[in-house]
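Below you'll find the structure, written out as structure tokens, and then a few comments.
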Amino acid sequence: MLIMLPGPIQLHERVIRAMCRQMIGHRSAEFGEILKFCGEVMKEVFGTRNDVYFITGSGTAGVEAGIASFSGVGKFVTLENGKFGERMGEIAERYAEVERLSFEWGKPVDLEKLKEALERGARAVAFVHNETSTGMLNPAEEIAKIARKYDALTIMDAITSAGGDYVKMDEWGIDVAVVGTQKCLGAPPGLAAVAVSERAWEFYNPKCPLYLDLKAYRKKLPELQTPYTPAVTLFFALEEALKMIKEEGIENRVKRHRKLSKAVRTWAVNAGLSLFPQPDKYSDYSNTVTAINIPGGITEKELRDTVRKEYGIVLSSGQDKVKGKIFRIATMGSIEKFEVMATLTAVEDVLLRKNLIKPALDFARRELQP
Ligand SMILES: Cc1ncc(COP(=O)(O)O)c(C=O)c1O
């Protein structure tokens, strides 16, 4: 099977092999070295000098840790133009007063509305950088710039951007950034990394959930430990995945993700399909996942099932509101030209048979030239 999902992603053989080994103590020097290495590479990935904490849990655990730990800040505003923005709103509601700004899925967030919410007294902005559910890249830098003007804290879900697209936490002035390991980092699911600015600590809330209390992670970091038993096996995998990121170089990795996603988009548009997100001058198409509208004449289920059965390629469906309306092709982690061309060939074959599109593989091939 070839997994083209927006997480969990297809693992590289090196990452799979790294997990097949005996346990080590999580308070041992050996584990400490792994934690140190992972933290150092993650700083580069996030574009920050801030410390990075690792939580055993999926990406949502990282987002909840970021929101809950700094919920002492006061009122939140959340930007919601997809499933994961909405989840941030749901999390924030549990810990703070929140104004949830909701926008149509696949449409840009309205920056004027953000300003108005900040005028009304919001003290923190929580938003998703790369909205996986719609294939939209939200304007992190612009959002952070506005938040800064009002001296508000920024909490960014970088779960499907970090490691695949530019994330410049310090340059943009982001206070908290979160990633899950099963996306662009190229590791299995189960760990979340959270980077935190010094300023965020002013707003620490000691009543946050014990397991997600980032202060406990901060206290243990100088000893190169985590407060509770981490998923050691997943650290073996993450260490290897991050070695691969170092070897490739972050700049090259971002370029590769951009090139692959552009090839998917170019193919789709030239085949006569339409892309789901409608970015404005501030936002953009995602560089890690492409959301394509299902054409009339085939159901989303039929398309995905046929591609899976005949070609062994796993595509992603739409979620919630857009279930049945879109399909998604992720270009995350170690994916290369080979996997992208195989996927487009399979999808094209199934849609061509029903006369629903025009052949367009040449357009993708051209985008993928070295
Ligand atoms: C942007 C974004 N945020 C949050 C999540 C939730 O992450 P997890 O399922 O790892 O908790 C996802 C998962 O797809 C995501 O893509």
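Residue numbers start at 1 in each chain; chains themselves are named A, B, ... in the order of the structure tokens; ligands are numbered from 1 in the order shown.
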Step one, run DSSP on the backbone; step two, keep only residues of region 117-205 of chain A assigned to alpha helix (DSSP H); then write them as a PyMOL selection string. chain A and resi 117-119+140-149+169-172
Would you save the residues of that selection, restricted to C-alpha atoms, as a CSV table (one decimal), in the first residue's frame?
chain,number,residue,atom,x,y,z
A,117,ALA,CA,-12.1,41.0,18.3
A,118,LEU,CA,-8.8,42.2,19.6
A,119,GLU,CA,-10.3,45.7,19.9
A,140,ALA,CA,0.4,33.1,9.9
A,141,GLU,CA,2.8,36.1,9.5
A,142,GLU,CA,-0.1,38.5,9.0
A,143,ILE,CA,-2.1,37.1,11.9
A,144,ALA,CA,0.9,37.3,14.2
A,145,LYS,CA,1.6,40.9,13.1
A,146,ILE,CA,-1.9,42.0,13.9
A,147,ALA,CA,-1.8,40.1,17.3
A,148,ARG,CA,1.5,41.8,18.1
A,149,LYS,CA,-0.1,45.3,17.6
A,169,MET,CA,8.2,31.3,14.8
A,170,ASP,CA,10.7,33.9,16.1
A,171,GLU,CA,10.6,36.1,12.9
A,172,TRP,CA,6.8,36.1,12.8
Return as a PyMOL selection string the residues of protein, DNA or RNA that approach ligand 1 to within 9 Å, with only C-alpha atoms and all ligand atoms taken into account. chain A and resi 6-8+57-63+82-85+87-88+128-133+157-161+178-183+189-192
Strand (DSSP E or B) per DSSP on the backbone: members of region 161-259 of chain A, as a count of residues only: 13
Compile a residue-level contact table for region 108-169 of chain A against region 246-267 of chain A at a cut-off of 9 Å, reporting for every qualifying residue the shortest atom pair and its distance in Å to one decimal, with only C-alpha atoms counted, rows ordered by chain and ascending number, as CSV.
residue,atom,partner,partner_atom,distance
A:Gly163,CA,A:Ile250,CA,7.2
A:Gly164,CA,A:Val254,CA,5.0
A:Asp165,CA,A:Val254,CA,4.9
A:Tyr166,CA,A:Val254,CA,6.6
Same residues, N, CA, C and O atoms, saved as a PDB file, in the first residue's frame:
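What landed in selection.pdb:
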ATOM      1  N   GLY A 163       7.977  21.306   9.126  1.00  0.00           N
ATOM      2  CA  GLY A 163       8.694  20.192   8.500  1.00  0.00           C
ATOM      3  C   GLY A 163       8.363  20.052   7.018  1.00  0.00           C
ATOM      4  O   GLY A 163       9.030  19.303   6.304  1.00  0.00           O
ATOM      5  N   GLY A 164       7.338  20.792   6.545  1.00  0.00           N
ATOM      6  CA  GLY A 164       6.954  20.688   5.136  1.00  0.00           C
ATOM      7  C   GLY A 164       6.835  22.055   4.485  1.00  0.00           C
ATOM      8  O   GLY A 164       6.896  22.177   3.271  1.00  0.00           O
ATOM      9  N   ASP A 165       6.645  23.074   5.313  1.00  0.00           N
ATOM     10  CA  ASP A 165       6.551  24.436   4.778  1.00  0.00           C
ATOM     11  C   ASP A 165       7.294  25.371   5.736  1.00  0.00           C
ATOM     12  O   ASP A 165       7.680  24.969   6.835  1.00  0.00           O
ATOM     13  N   TYR A 166       7.453  26.618   5.320  1.00  0.00           N
ATOM     14  CA  TYR A 166       8.176  27.552   6.177  1.00  0.00           C
ATOM     15  C   TYR A 166       7.392  27.829   7.450  1.00  0.00           C
ATOM     16  O   TYR A 166       6.217  28.189   7.392  1.00  0.00           O
TER      17      TYR A 166
END
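Among A:Arg100, A:Lys207, A:His12, A:Lys168, the residue with the shortest atom-to-atom distance to Val125 (chain A), counting only C-alpha atoms, is A:Arg100.
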Nearest to Gly106 (chain A) by atom-to-atom distance, counting only C-alpha atoms, from A:Glu240, A:Asp175, A:Asp284, A:Glu339: A:Asp284
